[in-house]
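Colleague: Structure file target.tsv (TSV, N, CA and C atoms) is given on the next line.
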chain	number	residue	atom	x	y	z
A	1	MET	N	35.85	26.64	-18.79
A	1	MET	CA	35.39	26.66	-17.43
A	1	MET	C	34.46	25.49	-17.18
A	2	GLY	N	34.64	24.84	-16.06
A	2	GLY	CA	33.76	23.75	-15.69
A	2	GLY	C	32.50	24.28	-15.02
A	3	SER	N	31.52	23.45	-14.92
A	3	SER	CA	30.29	23.83	-14.24
A	3	SER	C	30.11	22.93	-13.04
A	4	ASN	N	29.32	23.41	-12.10
A	4	ASN	CA	29.02	22.60	-10.93
A	4	ASN	C	28.14	21.44	-11.33
A	5	GLU	N	28.38	20.31	-10.74
A	5	GLU	CA	27.52	19.16	-10.99
A	5	GLU	C	26.17	19.41	-10.34
A	6	ALA	N	25.14	18.79	-10.88
A	6	ALA	CA	23.79	18.96	-10.32
A	6	ALA	C	23.81	18.63	-8.84
A	7	GLY	N	23.25	19.52	-8.06
A	7	GLY	CA	23.14	19.29	-6.62
A	7	GLY	C	24.36	19.66	-5.81
A	8	SER	N	25.44	20.08	-6.46
A	8	SER	CA	26.63	20.45	-5.70
A	8	SER	C	26.51	21.88	-5.18
A	9	HIS	N	27.24	22.17	-4.14
A	9	HIS	CA	27.25	23.50	-3.55
A	9	HIS	C	28.69	23.96	-3.39
A	10	THR	N	28.90	25.25	-3.49
A	10	THR	CA	30.23	25.82	-3.33
A	10	THR	C	30.18	26.92	-2.30
A	11	ARG	N	31.17	26.97	-1.43
A	11	ARG	CA	31.33	28.05	-0.47
A	11	ARG	C	32.79	28.48	-0.52
A	12	LEU	N	33.01	29.74	-0.23
A	12	LEU	CA	34.37	30.26	-0.14
A	12	LEU	C	34.62	30.69	1.29
A	13	HIS	N	35.69	30.17	1.88
A	13	HIS	CA	36.08	30.56	3.22
A	13	HIS	C	37.50	31.12	3.15
A	14	ALA	N	37.77	32.11	3.93
A	14	ALA	CA	39.08	32.75	3.93
A	14	ALA	C	40.00	32.11	4.98
A	15	TYR	N	41.30	32.29	4.78
A	15	TYR	CA	42.25	31.90	5.82
A	15	TYR	C	43.34	32.96	5.89
A	16	VAL	N	43.87	33.14	7.10
A	16	VAL	CA	44.98	34.06	7.31
A	16	VAL	C	45.98	33.39	8.26
A	17	SER	N	47.25	33.67	8.04
A	17	SER	CA	48.31	33.20	8.92
A	17	SER	C	48.90	34.40	9.63
A	18	TYR	N	48.77	34.40	10.94
A	18	TYR	CA	49.31	35.49	11.75
A	18	TYR	C	50.62	35.06	12.40
A	19	ARG	N	51.57	35.99	12.47
A	19	ARG	CA	52.80	35.71	13.21
A	19	ARG	C	52.46	35.42	14.66
A	20	ASP	N	51.52	36.18	15.21
A	20	ASP	CA	51.03	35.96	16.57
A	20	ASP	C	49.55	35.59	16.45
A	21	ALA	N	49.29	34.29	16.24
A	21	ALA	CA	47.93	33.83	16.01
A	21	ALA	C	47.02	34.08	17.21
A	22	ASP	N	47.57	33.98	18.42
A	22	ASP	CA	46.74	34.27	19.60
A	22	ASP	C	46.26	35.72	19.59
A	23	ALA	N	47.15	36.65	19.23
A	23	ALA	CA	46.76	38.05	19.14
A	23	ALA	C	45.78	38.25	17.98
A	24	GLY	N	45.99	37.56	16.87
A	24	GLY	CA	45.06	37.64	15.75
A	24	GLY	C	43.68	37.15	16.14
A	25	LEU	N	43.63	36.04	16.86
A	25	LEU	CA	42.34	35.51	17.32
A	25	LEU	C	41.68	36.47	18.31
A	26	ALA	N	42.48	37.09	19.16
A	26	ALA	CA	41.92	38.07	20.11
A	26	ALA	C	41.34	39.26	19.36
A	27	TRP	N	42.04	39.74	18.32
A	27	TRP	CA	41.52	40.86	17.53
A	27	TRP	C	40.22	40.47	16.85
A	28	LEU	N	40.20	39.29	16.24
A	28	LEU	CA	38.99	38.82	15.57
A	28	LEU	C	37.83	38.71	16.56
A	29	SER	N	38.11	38.24	17.76
A	29	SER	CA	37.07	38.17	18.79
A	29	SER	C	36.55	39.55	19.14
A	30	SER	N	37.44	40.53	19.22
A	30	SER	CA	37.03	41.88	19.60
A	30	SER	C	36.18	42.56	18.53
A	31	VAL	N	36.23	42.07	17.28
A	31	VAL	CA	35.40	42.65	16.22
A	31	VAL	C	34.18	41.78	15.93
A	32	GLY	N	33.91	40.81	16.79
A	32	GLY	CA	32.66	40.07	16.71
A	32	GLY	C	32.74	38.62	16.31
A	33	PHE	N	33.91	38.12	15.94
A	33	PHE	CA	34.03	36.71	15.57
A	33	PHE	C	34.06	35.84	16.82
A	34	GLU	N	33.53	34.63	16.69
A	34	GLU	CA	33.55	33.65	17.77
A	34	GLU	C	34.42	32.48	17.33
A	35	CYS	N	35.35	32.07	18.19
A	35	CYS	CA	36.19	30.91	17.87
A	35	CYS	C	35.34	29.65	18.04
A	36	VAL	N	35.23	28.86	16.96
A	36	VAL	CA	34.40	27.66	16.99
A	36	VAL	C	35.23	26.38	16.92
A	37	ALA	N	36.51	26.49	16.62
A	37	ALA	CA	37.40	25.32	16.58
A	37	ALA	C	38.83	25.79	16.75
A	38	ARG	N	39.64	24.98	17.43
A	38	ARG	CA	41.05	25.34	17.61
A	38	ARG	C	41.86	24.08	17.89
A	39	GLN	N	43.01	23.97	17.20
A	39	GLN	CA	43.98	22.91	17.44
A	39	GLN	C	45.33	23.58	17.64
A	40	ASP	N	45.98	23.24	18.74
A	40	ASP	CA	47.29	23.80	19.04
A	40	ASP	C	48.38	22.76	18.81
A	41	ALA	N	49.56	23.24	18.46
A	41	ALA	CA	50.74	22.39	18.33
A	41	ALA	C	51.32	22.15	19.72
A	42	GLU	N	52.26	21.24	19.81
A	42	GLU	CA	52.90	20.95	21.10
A	42	GLU	C	53.54	22.18	21.71
A	43	ASP	N	54.05	23.10	20.86
A	43	ASP	CA	54.70	24.31	21.38
A	43	ASP	C	53.70	25.41	21.74
A	44	GLY	N	52.41	25.12	21.60
A	44	GLY	CA	51.38	26.10	21.94
A	44	GLY	C	50.94	26.99	20.80
A	45	SER	N	51.62	26.91	19.66
A	45	SER	CA	51.21	27.71	18.52
A	45	SER	C	49.90	27.16	17.94
A	46	VAL	N	49.20	28.00	17.22
A	46	VAL	CA	47.92	27.61	16.65
A	46	VAL	C	48.16	26.89	15.33
A	47	LEU	N	47.82	25.60	15.28
A	47	LEU	CA	47.90	24.85	14.03
A	47	LEU	C	46.75	25.23	13.11
A	48	HIS	N	45.55	25.30	13.69
A	48	HIS	CA	44.36	25.60	12.92
A	48	HIS	C	43.27	26.08	13.89
A	49	ALA	N	42.65	27.17	13.54
A	49	ALA	CA	41.49	27.65	14.28
A	49	ALA	C	40.46	28.13	13.28
A	50	GLU	N	39.22	28.15	13.70
A	50	GLU	CA	38.14	28.66	12.86
A	50	GLU	C	37.32	29.64	13.68
A	51	VAL	N	37.07	30.81	13.09
A	51	VAL	CA	36.23	31.81	13.74
A	51	VAL	C	35.05	32.11	12.84
A	52	ARG	N	33.93	32.46	13.46
A	52	ARG	CA	32.69	32.68	12.72
A	52	ARG	C	32.03	33.97	13.18
A	53	LEU	N	31.50	34.70	12.20
A	53	LEU	CA	30.66	35.87	12.43
A	53	LEU	C	29.48	35.71	11.49
A	54	GLY	N	28.31	35.33	12.01
A	54	GLY	CA	27.18	35.01	11.15
A	54	GLY	C	27.56	33.83	10.27
A	55	ASP	N	27.45	33.99	8.95
A	55	ASP	CA	27.82	32.93	8.02
A	55	ASP	C	29.27	33.04	7.55
A	56	ALA	N	29.99	34.06	8.00
A	56	ALA	CA	31.39	34.25	7.58
A	56	ALA	C	32.30	33.39	8.45
A	57	VAL	N	33.17	32.62	7.80
A	57	VAL	CA	34.13	31.78	8.51
A	57	VAL	C	35.53	32.14	8.03
A	58	VAL	N	36.44	32.32	8.97
A	58	VAL	CA	37.85	32.57	8.66
A	58	VAL	C	38.67	31.52	9.40
A	59	MET	N	39.58	30.88	8.67
A	59	MET	CA	40.50	29.93	9.27
A	59	MET	C	41.79	30.66	9.61
A	60	VAL	N	42.37	30.34	10.75
A	60	VAL	CA	43.54	31.04	11.26
A	60	VAL	C	44.61	30.04	11.65
A	61	ALA	N	45.86	30.37	11.38
A	61	ALA	CA	46.98	29.55	11.82
A	61	ALA	C	48.15	30.45	12.18
A	62	THR	N	49.11	29.87	12.92
A	62	THR	CA	50.35	30.57	13.18
A	62	THR	C	51.19	30.52	11.91
A	63	ALA	N	51.73	31.66	11.51
A	63	ALA	CA	52.52	31.74	10.29
A	63	ALA	C	53.80	30.93	10.43
A	64	ASP	N	54.24	30.36	9.31
A	64	ASP	CA	55.51	29.66	9.32
A	64	ASP	C	56.62	30.62	8.87
A	65	ALA	N	57.80	30.11	8.70
A	65	ALA	CA	58.96	30.96	8.39
A	65	ALA	C	58.82	31.70	7.06
A	66	ALA	N	58.00	31.22	6.16
A	66	ALA	CA	57.88	31.84	4.84
A	66	ALA	C	56.90	33.03	4.84
A	67	TYR	N	56.32	33.32	5.99
A	67	TYR	CA	55.31	34.38	6.07
A	67	TYR	C	55.91	35.77	5.86
A	68	SER	N	55.19	36.60	5.13
A	68	SER	CA	55.56	38.00	5.04
A	68	SER	C	54.28	38.83	5.06
A	69	ARG	N	54.33	39.99	5.67
A	69	ARG	CA	53.18	40.88	5.77
A	69	ARG	C	52.80	41.37	4.38
A	70	PRO	N	51.49	41.46	4.10
A	70	PRO	CA	51.07	42.00	2.79
A	70	PRO	C	51.63	43.41	2.59
A	71	ALA	N	52.14	43.68	1.39
A	71	ALA	CA	52.71	44.99	1.09
A	71	ALA	C	51.61	45.98	0.78
A	72	LEU	N	51.78	47.20	1.27
A	72	LEU	CA	50.82	48.26	0.98
A	72	LEU	C	51.15	48.94	-0.35
A	73	HIS	N	50.11	49.26	-1.09
A	73	HIS	CA	50.20	50.07	-2.30
A	73	HIS	C	49.32	51.27	-2.02
A	74	GLY	N	49.89	52.32	-1.49
A	74	GLY	CA	49.08	53.44	-1.01
A	74	GLY	C	48.42	53.04	0.29
A	75	VAL	N	47.08	52.94	0.29
A	75	VAL	CA	46.37	52.51	1.50
A	75	VAL	C	45.68	51.16	1.30
A	76	SER	N	46.17	50.37	0.33
A	76	SER	CA	45.57	49.07	0.06
A	76	SER	C	46.66	48.02	-0.15
A	77	THR	N	46.35	46.80	0.23
A	77	THR	CA	47.24	45.68	-0.07
A	77	THR	C	46.91	45.09	-1.44
A	78	GLY	N	45.82	45.56	-2.04
A	78	GLY	CA	45.39	45.04	-3.33
A	78	GLY	C	44.53	43.80	-3.23
A	79	SER	N	44.39	43.29	-2.03
A	79	SER	CA	43.50	42.16	-1.79
A	79	SER	C	43.09	42.20	-0.33
A	80	GLY	N	42.05	41.51	0.01
A	80	GLY	CA	41.62	41.52	1.39
A	80	GLY	C	40.37	40.71	1.60
A	81	LEU	N	39.80	40.88	2.76
A	81	LEU	CA	38.60	40.17	3.16
A	81	LEU	C	37.46	41.17	3.25
A	82	TYR	N	36.27	40.75	2.83
A	82	TYR	CA	35.11	41.63	2.80
A	82	TYR	C	33.98	41.01	3.62
A	83	LEU	N	33.50	41.76	4.60
A	83	LEU	CA	32.36	41.33	5.41
A	83	LEU	C	31.13	42.06	4.92
A	84	TRP	N	30.10	41.31	4.54
A	84	TRP	CA	28.85	41.91	4.09
A	84	TRP	C	27.89	41.99	5.26
A	85	PHE	N	27.31	43.17	5.43
A	85	PHE	CA	26.27	43.38	6.43
A	85	PHE	C	25.00	43.81	5.71
A	86	SER	N	23.86	43.39	6.21
A	86	SER	CA	22.59	43.69	5.55
A	86	SER	C	22.08	45.09	5.81
A	87	ALA	N	22.72	45.82	6.73
A	87	ALA	CA	22.30	47.18	7.05
A	87	ALA	C	23.52	48.02	7.38
A	88	ALA	N	23.38	49.35	7.32
A	88	ALA	CA	24.51	50.26	7.54
A	88	ALA	C	25.02	50.33	8.98
A	89	PRO	N	24.16	50.37	10.01
A	89	PRO	CA	24.68	50.54	11.38
A	89	PRO	C	25.74	49.51	11.79
A	90	PRO	N	25.60	48.23	11.42
A	90	PRO	CA	26.66	47.29	11.80
A	90	PRO	C	28.01	47.59	11.15
A	91	VAL	N	28.01	48.21	9.98
A	91	VAL	CA	29.27	48.59	9.32
A	91	VAL	C	30.00	49.60	10.20
A	92	ASP	N	29.28	50.62	10.66
A	92	ASP	CA	29.87	51.65	11.51
A	92	ASP	C	30.37	51.06	12.82
A	93	ASP	N	29.56	50.18	13.43
A	93	ASP	CA	29.92	49.55	14.69
A	93	ASP	C	31.16	48.69	14.51
A	94	TRP	N	31.20	47.89	13.44
A	94	TRP	CA	32.35	47.02	13.18
A	94	TRP	C	33.62	47.84	13.03
A	95	TYR	N	33.55	48.92	12.27
A	95	TYR	CA	34.71	49.78	12.07
A	95	TYR	C	35.22	50.34	13.40
A	96	ALA	N	34.31	50.86	14.22
A	96	ALA	CA	34.70	51.42	15.52
A	96	ALA	C	35.35	50.37	16.40
A	97	ARG	N	34.79	49.17	16.43
A	97	ARG	CA	35.36	48.09	17.23
A	97	ARG	C	36.73	47.69	16.70
A	98	ALA	N	36.88	47.63	15.38
A	98	ALA	CA	38.15	47.23	14.77
A	98	ALA	C	39.26	48.22	15.11
A	99	VAL	N	38.98	49.51	14.98
A	99	VAL	CA	39.99	50.53	15.29
A	99	VAL	C	40.30	50.54	16.78
A	100	ALA	N	39.29	50.41	17.62
A	100	ALA	CA	39.51	50.38	19.07
A	100	ALA	C	40.37	49.18	19.47
A	101	ALA	N	40.30	48.11	18.70
A	101	ALA	CA	41.06	46.90	19.00
A	101	ALA	C	42.45	46.90	18.36
A	102	GLY	N	42.84	48.00	17.72
A	102	GLY	CA	44.21	48.11	17.20
A	102	GLY	C	44.36	48.14	15.70
A	103	ALA	N	43.28	48.10	14.95
A	103	ALA	CA	43.38	48.19	13.50
A	103	ALA	C	43.67	49.62	13.08
A	104	THR	N	44.22	49.78	11.90
A	104	THR	CA	44.46	51.10	11.32
A	104	THR	C	43.31	51.43	10.38
A	105	GLY	N	42.63	52.53	10.63
A	105	GLY	CA	41.55	52.94	9.75
A	105	GLY	C	42.07	53.35	8.39
A	106	VAL	N	41.46	52.84	7.33
A	106	VAL	CA	41.83	53.19	5.96
A	106	VAL	C	40.71	54.01	5.32
A	107	ILE	N	39.49	53.51	5.41
A	107	ILE	CA	38.31	54.25	4.94
A	107	ILE	C	37.32	54.26	6.10
A	108	ALA	N	37.11	55.43	6.68
A	108	ALA	CA	36.10	55.55	7.73
A	108	ALA	C	34.74	55.28	7.11
A	109	PRO	N	33.77	54.84	7.90
A	109	PRO	CA	32.45	54.54	7.33
A	109	PRO	C	31.94	55.70	6.48
A	110	GLU	N	31.50	55.35	5.27
A	110	GLU	CA	31.01	56.35	4.33
A	110	GLU	C	29.96	55.75	3.43
A	111	ASP	N	29.10	56.62	2.91
A	111	ASP	CA	28.12	56.22	1.91
A	111	ASP	C	28.78	56.35	0.55
A	112	THR	N	28.54	55.38	-0.33
A	112	THR	CA	29.15	55.39	-1.65
A	112	THR	C	28.19	55.95	-2.70
A	113	ALA	N	28.74	56.28	-3.86
A	113	ALA	CA	27.93	56.77	-4.98
A	113	ALA	C	27.01	55.69	-5.52
A	114	TRP	N	27.32	54.42	-5.25
A	114	TRP	CA	26.49	53.32	-5.75
A	114	TRP	C	25.47	52.86	-4.72
A	115	GLY	N	25.31	53.64	-3.64
A	115	GLY	CA	24.21	53.41	-2.71
A	115	GLY	C	24.46	52.43	-1.57
A	116	SER	N	25.71	52.17	-1.26
A	116	SER	CA	26.00	51.28	-0.14
A	116	SER	C	26.79	52.02	0.93
A	117	ARG	N	27.00	51.37	2.05
A	117	ARG	CA	27.82	51.88	3.15
A	117	ARG	C	29.06	51.02	3.19
A	118	ARG	N	30.23	51.63	3.41
A	118	ARG	CA	31.47	50.84	3.45
A	118	ARG	C	32.45	51.43	4.45
A	119	ALA	N	33.42	50.59	4.81
A	119	ALA	CA	34.53	50.98	5.68
A	119	ALA	C	35.67	50.00	5.44
A	120	ARG	N	36.90	50.42	5.75
A	120	ARG	CA	38.06	49.54	5.55
A	120	ARG	C	39.10	49.80	6.62
A	121	VAL	N	39.75	48.71	7.08
A	121	VAL	CA	40.84	48.81	8.04
A	121	VAL	C	41.96	47.85	7.63
A	122	LEU	N	43.12	48.08	8.21
A	122	LEU	CA	44.21	47.10	8.19
A	122	LEU	C	44.31	46.55	9.60
A	123	ASP	N	44.23	45.23	9.76
A	123	ASP	CA	44.28	44.66	11.10
A	123	ASP	C	45.69	44.80	11.66
A	124	PRO	N	45.91	44.46	12.93
A	124	PRO	CA	47.23	44.69	13.54
A	124	PRO	C	48.41	44.03	12.81
A	125	GLU	N	48.18	43.00	11.99
A	125	GLU	CA	49.28	42.40	11.23
A	125	GLU	C	49.28	42.81	9.76
A	126	GLY	N	48.41	43.75	9.38
A	126	GLY	CA	48.44	44.29	8.04
A	126	GLY	C	47.47	43.72	7.04
A	127	TYR	N	46.62	42.78	7.47
A	127	TYR	CA	45.60	42.26	6.54
A	127	TYR	C	44.52	43.32	6.34
A	128	GLU	N	44.06	43.42	5.10
A	128	GLU	CA	43.04	44.40	4.74
A	128	GLU	C	41.65	43.79	4.92
A	129	TRP	N	40.81	44.47	5.70
A	129	TRP	CA	39.44	44.06	5.96
A	129	TRP	C	38.52	45.18	5.53
A	130	SER	N	37.53	44.86	4.73
A	130	SER	CA	36.49	45.81	4.36
A	130	SER	C	35.16	45.29	4.90
A	131	ALA	N	34.28	46.22	5.18
A	131	ALA	CA	32.92	45.87	5.59
A	131	ALA	C	31.98	46.79	4.84
A	132	GLY	N	30.83	46.25	4.46
A	132	GLY	CA	29.91	47.09	3.73
A	132	GLY	C	28.57	46.43	3.51
A	133	THR	N	27.69	47.21	2.91
A	133	THR	CA	26.34	46.73	2.61
A	133	THR	C	26.19	46.31	1.16
A	134	TYR	N	27.21	46.50	0.35
A	134	TYR	CA	27.16	46.05	-1.04
A	134	TYR	C	27.21	44.52	-1.04
A	135	GLY	N	26.24	43.88	-1.67
A	135	GLY	CA	26.19	42.43	-1.74
A	135	GLY	C	26.69	41.91	-3.06
A	136	PRO	N	27.95	41.48	-3.15
A	136	PRO	CA	28.48	40.97	-4.40
A	136	PRO	C	27.66	39.78	-4.92
A	137	GLY	N	27.62	39.67	-6.22
A	137	GLY	CA	26.98	38.54	-6.85
A	137	GLY	C	25.50	38.67	-6.92
Please express the file's structure as structure tokens.
Modeller:
Amino acid sequence: MGSNEAGSHTRLHAYVSYRDADAGLAWLSSVGFECVARQDAEDGSVLHAEVRLGDAVVMVATADAAYSRPALHGVSTGSGLYLWFSAAPPVDDWYARAVAAGATGVIAPEDTAWGSRRARVLDPEGYEWSAGTYGPG
């Protein structure tokens, strides 16, 4: 494993490709993200967009022909995006907004045995989103 060079910084940003990127961006907006950048193709499809919620950034594009919806294994795709909140009430609010905007509830807001608050949904195109107070790392 390599190490970071002195003074370097690393950030991880997520990206998703939606078949209907405009609808995906509308859903993200309804759960609190703000669109901060957008480039459209000549046909009006989204080439690249960036949405932000606090320090969380997600890049969005219109899916190409190779796109397929994540497969469910029970109630999980086995991977997903996790939004960290510093307190429990925003987790509950985010979940309610997500479901009201068309997401499928997977885990309603609950307290965990390890002392955090969590919730999980599948967005309208099947991406798995979790929110919680557990701070990884």
Colleague: Give me the residues within 7 Å of A:Val31 as a count of residues only, counting all atoms listed in the file and dropping any in the same chain fewer than 5 places off.
Modeller: 4
Colleague: Among stretch 47-113 of chain A, which residues does DSSP mark as alpha helix (DSSP H) when it is run on the backbone? Keep the chain and numbering as in the structure and answer as a list of chain:residue names.
Modeller: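 Residues meeting the alpha helix (DSSP H) criterion: A:Ala88, A:Pro89, A:Pro90, A:Val91, A:Asp92, A:Asp93, A:Trp94, A:Tyr95, A:Ala96, A:Arg97, A:Ala98, A:Val99, A:Ala100.
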Colleague: Mind pulling up the distance from atom CA of A:Trp84 to atom CA of A:Tyr15?
Modeller: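 Taking atom CA of A:Tyr15 and atom CA of A:Trp84, their separation equals 16.8 Å.
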Colleague: Nearest to A:Cys35 among A:Arg52, A:Arg69, A:Arg117, A:Arg19, with distances taken over all atoms listed in the file: which residue is it?
Modeller: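 Using all atoms listed in the file, the shortest distance to A:Cys35 belongs to A:Arg52.
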Colleague: Taking into account only N, CA and C atoms, which residue in the set A:Ser29, A:Thr62, A:Ser130, A:Ser79 is nearest to A:Ser17?
Modeller: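 Among A:Ser29, A:Thr62, A:Ser130, A:Ser79, it is A:Thr62 that comes nearest to A:Ser17.
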Colleague: Would you work out the distance separating atom CA of A:His13 from atom C of A:Gly80, expressed in Å to one decimal?
Modeller: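 Atom CA of A:His13 sits 11.1 Å away from atom C of A:Gly80.
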Colleague: Between A:Ala103, A:Glu42, A:Thr77, A:Ser8, which has the minimum distance to A:Leu28 (counting only C-alpha atoms)?
Modeller: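 Using only C-alpha atoms, the shortest distance to A:Leu28 belongs to A:Ala103.
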Colleague: Place a sphere of radius 8 Å on (32.2, 48.9, 8.3) in the file coordinates and name every protein, DNA or RNA residue with an atom inside or on its surface, counting all atoms listed in the file; give the answer as a list in words.
Modeller: Leu83, Ala88, Pro89, Pro90, Val91, Asp92, Asp93, Trp94, Tyr95, Ala96, Ile107, Ala108, Pro109, Glu110, Arg117, Arg118, Ala119, Arg120, Val121, Trp129, Ser130, Ala131, Gly132 and Thr133 of chain A
Colleague: As AutoDock Vina command-line options, please report the centre and edge lengths, rounded to one decimal in Å, of the axis-aligned box that holds all listed atoms of stretch 22-40 of chain A with 6 Å of padding on each of the six sides.
Modeller:
--center_x 40.5 --center_y 32.7 --center_z 17.8 --size_x 27.7 --size_y 31.9 --size_z 16.5
Colleague: Run DSSP on the backbone and grab whatever in stretch 96-131 of chain A lands in strand (DSSP E); send it over as a PDB file with N, CA and C atoms, in the frame of the given file.
Modeller:
ATOM      1  N   THR A 104      44.220  49.780  11.900  1.00  0.00           N
ATOM      2  CA  THR A 104      44.460  51.100  11.320  1.00  0.00           C
ATOM      3  C   THR A 104      43.310  51.430  10.380  1.00  0.00           C
ATOM      4  N   GLY A 105      42.630  52.530  10.630  1.00  0.00           N
ATOM      5  CA  GLY A 105      41.550  52.940   9.750  1.00  0.00           C
ATOM      6  C   GLY A 105      42.070  53.350   8.390  1.00  0.00           C
ATOM      7  N   VAL A 106      41.460  52.840   7.330  1.00  0.00           N
ATOM      8  CA  VAL A 106      41.830  53.190   5.960  1.00  0.00           C
ATOM      9  C   VAL A 106      40.710  54.010   5.320  1.00  0.00           C
ATOM     10  N   ILE A 107      39.490  53.510   5.410  1.00  0.00           N
ATOM     11  CA  ILE A 107      38.310  54.250   4.940  1.00  0.00           C
ATOM     12  C   ILE A 107      37.320  54.260   6.100  1.00  0.00           C
ATOM     13  N   ALA A 108      37.110  55.430   6.680  1.00  0.00           N
ATOM     14  CA  ALA A 108      36.100  55.550   7.730  1.00  0.00           C
ATOM     15  C   ALA A 108      34.740  55.280   7.110  1.00  0.00           C
ATOM     16  N   PRO A 109      33.770  54.840   7.900  1.00  0.00           N
ATOM     17  CA  PRO A 109      32.450  54.540   7.330  1.00  0.00           C
ATOM     18  C   PRO A 109      31.940  55.700   6.480  1.00  0.00           C
ATOM     19  N   GLU A 110      31.500  55.350   5.270  1.00  0.00           N
ATOM     20  CA  GLU A 110      31.010  56.350   4.330  1.00  0.00           C
ATOM     21  C   GLU A 110      29.960  55.750   3.430  1.00  0.00           C
ATOM     22  N   ASP A 111      29.100  56.620   2.910  1.00  0.00           N
ATOM     23  CA  ASP A 111      28.120  56.220   1.910  1.00  0.00           C
ATOM     24  C   ASP A 111      28.780  56.350   0.550  1.00  0.00           C
ATOM     25  N   ARG A 117      27.000  51.370   2.050  1.00  0.00           N
ATOM     26  CA  ARG A 117      27.820  51.880   3.150  1.00  0.00           C
ATOM     27  C   ARG A 117      29.060  51.020   3.190  1.00  0.00           C
ATOM     28  N   ARG A 118      30.230  51.630   3.410  1.00  0.00           N
ATOM     29  CA  ARG A 118      31.470  50.840   3.450  1.00  0.00           C
ATOM     30  C   ARG A 118      32.450  51.430   4.450  1.00  0.00           C
ATOM     31  N   ALA A 119      33.420  50.590   4.810  1.00  0.00           N
ATOM     32  CA  ALA A 119      34.530  50.980   5.680  1.00  0.00           C
ATOM     33  C   ALA A 119      35.670  50.000   5.440  1.00  0.00           C
ATOM     34  N   ARG A 120      36.900  50.420   5.750  1.00  0.00           N
ATOM     35  CA  ARG A 120      38.060  49.540   5.550  1.00  0.00           C
ATOM     36  C   ARG A 120      39.100  49.800   6.620  1.00  0.00           C
ATOM     37  N   VAL A 121      39.750  48.710   7.080  1.00  0.00           N
ATOM     38  CA  VAL A 121      40.840  48.810   8.040  1.00  0.00           C
ATOM     39  C   VAL A 121      41.960  47.850   7.630  1.00  0.00           C
ATOM     40  N   LEU A 122      43.120  48.080   8.210  1.00  0.00           N
ATOM     41  CA  LEU A 122      44.210  47.100   8.190  1.00  0.00           C
ATOM     42  C   LEU A 122      44.310  46.550   9.600  1.00  0.00           C
ATOM     43  N   GLU A 128      44.060  43.420   5.100  1.00  0.00           N
ATOM     44  CA  GLU A 128      43.040  44.400   4.740  1.00  0.00           C
ATOM     45  C   GLU A 128      41.650  43.790   4.920  1.00  0.00           C
ATOM     46  N   TRP A 129      40.810  44.470   5.700  1.00  0.00           N
ATOM     47  CA  TRP A 129      39.440  44.060   5.960  1.00  0.00           C
ATOM     48  C   TRP A 129      38.520  45.180   5.530  1.00  0.00           C
ATOM     49  N   SER A 130      37.530  44.860   4.730  1.00  0.00           N
ATOM     50  CA  SER A 130      36.490  45.810   4.360  1.00  0.00           C
ATOM     51  C   SER A 130      35.160  45.290   4.900  1.00  0.00           C
ATOM     52  N   ALA A 131      34.280  46.220   5.180  1.00  0.00           N
ATOM     53  CA  ALA A 131      32.920  45.870   5.590  1.00  0.00           C
ATOM     54  C   ALA A 131      31.980  46.790   4.840  1.00  0.00           C
TER      55      ALA A 131
END
Colleague: Using only C-alpha atoms, can you tell me which of A:Ala113, A:Ala101, A:Phe85, A:His48 comes closest to A:Pro136?
Modeller: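 Once distances to A:Pro136 are computed over only C-alpha atoms, the minimum belongs to A:Phe85.
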Colleague: When you draw a straight line from atom CA of A:Val106 to atom CA of A:Gly74, how long is it in Å?
Modeller: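 Distance between the two atoms: 10.1 Å.
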Colleague: Of the residues A:Ala63, A:Ala41, A:Ala21, A:Ala87, which is the one nearest to A:Tyr134, using only C-alpha atoms?
Modeller: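 Result for the nearest residue to A:Tyr134: A:Ala87.
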Colleague: Closest to A:Thr104 among A:Gln39, A:Ser76, A:Ser86, A:Ser116, using only C-alpha atoms?
Modeller: A:Ser76
